[in-house]
Amino acid sequence: MPELGDLTPLTYLLLTAVGFAAGFISSIAGAGGMITLPALLWAGVPPLDALGTNKFQSVFGTLSSTHNYFRSGHLDFRPLWPGLLVAVVGAALGTWTVTRLGGEQLQTLLPILLIAIAIYFAISPRIADVDSKPRMGNGMFNLLIGGGVGFYGGFFGPGMGSIYALAFAALLGYNMRRATAHTKPLVLATNFTSMVIFIAGGHLLLGLALCMGVAQVIGARLGSNMVIARGAALVRPVIIVATVAIAVKLLLEA
């Protein structure tokens, strides 16, 4: 398993701070990987090692926010188990695919999808602090959303949390606290599956990943506490800003 001995203490410190910021933002709106992954690449971490290290440290933050939402009563695992299992399968297939194929077409389509998500969050009356009428049953939701977004998360990943949150709100009618809370186990299952595959391939900088992971835990706990306290008033604008920022970044890189 590789490790970078030439990373300076300052670089470790800066990347640890990036982990904290990513954990905070991701616990609210997802998209933490769009902060950590470019930072890892900027620091000189090889791409596959950066992907593996990013998945490893993000698992810490997602686990922290998942526990916090569950402890506060905003998360019910019972209807999620089928979706979690399907997400694991989708993530494994997506991660296996991305190690063999390029993501150029997906990078072209993704900004359009993210801008559409931001517009929906800005104008939809279903994005609120109260539940609304579901438009899809749990069985179909688990199959299509759990599997589809799980595959996407393993294959590429940016904005995965925002896509899950949109699906819970638009299709199952969840209020924004519930929607945000219920995205976390699915994101956790997806990232954990990808992490295992990357580790099996030897693509992980363990020391750096542990430092960033601890910072993720702290940031995620603070961010999830803010969601619990403020609900849609916080989640809606953060998701809008995060998804538009990712879309702009991908368009500039295209």
# chains A, B, ... in the order shown; residues from 1 in each chain; ligands from 1
>>> residues_around(residues="A:Thr66", least_positions_apart="3", cutoff="7 Å", atoms="only C-alpha atoms", output="PyMOL selection string")
chain A and resi 62-63+69-70+181+184-185
>>> closest_residue(among="A:Phe56, A:Phe77, A:Phe155, A:Trp96", to="A:Met195", atoms="only C-alpha atoms")
A:Phe56
>>> residues_around(residues="A:His203", least_positions_apart="2", cutoff="9 Å", atoms="only C-alpha atoms", output="PyMOL selection string")
chain A and resi 1-2+46+48-53+197-201+205
>>> closest_residue(among="A:Ser162, A:Asn138, A:Thr95, A:Thr190", to="A:Ala116", atoms="only C-alpha atoms")
A:Ser162
>>> residues_around(residues="A:Pro134", least_positions_apart="3", cutoff="10 Å", atoms="only C-alpha atoms", output="list in words")
Asp131, Gly137, Asn138, Phe168, Ala169, Ala170, Leu171, Leu172, Gly173 and Tyr174 of chain A
>>> write_last_selection(atoms="C-alpha atoms", output="compact mmCIF listing (two decimals), in the first residue's frame")
# COMPACT_ATOMS: atom_id res chain seq x y z
CA ASP A 131 -43.51 15.87 4.42
CA GLY A 137 -43.23 3.30 -3.60
CA ASN A 138 -40.26 2.27 -1.48
CA PHE A 168 -36.06 11.49 -1.28
CA ALA A 169 -37.80 14.87 -1.36
CA ALA A 170 -39.28 14.69 -4.86
CA LEU A 171 -40.21 10.98 -5.04
CA LEU A 172 -40.87 9.92 -1.43
CA GLY A 173 -42.09 13.30 -0.18
CA TYR A 174 -39.58 13.56 2.69
>>> select_by_dssp(residues="stretch 8-254 of chain A", states="alpha helix (DSSP H)", output="NGL selection string")
:A and (9-29 or 33-42 or 47-71 or 81-98 or 104-123 or 138-141 or 147-155 or 160-171 or 176-200 or 206-230 or 232-253)
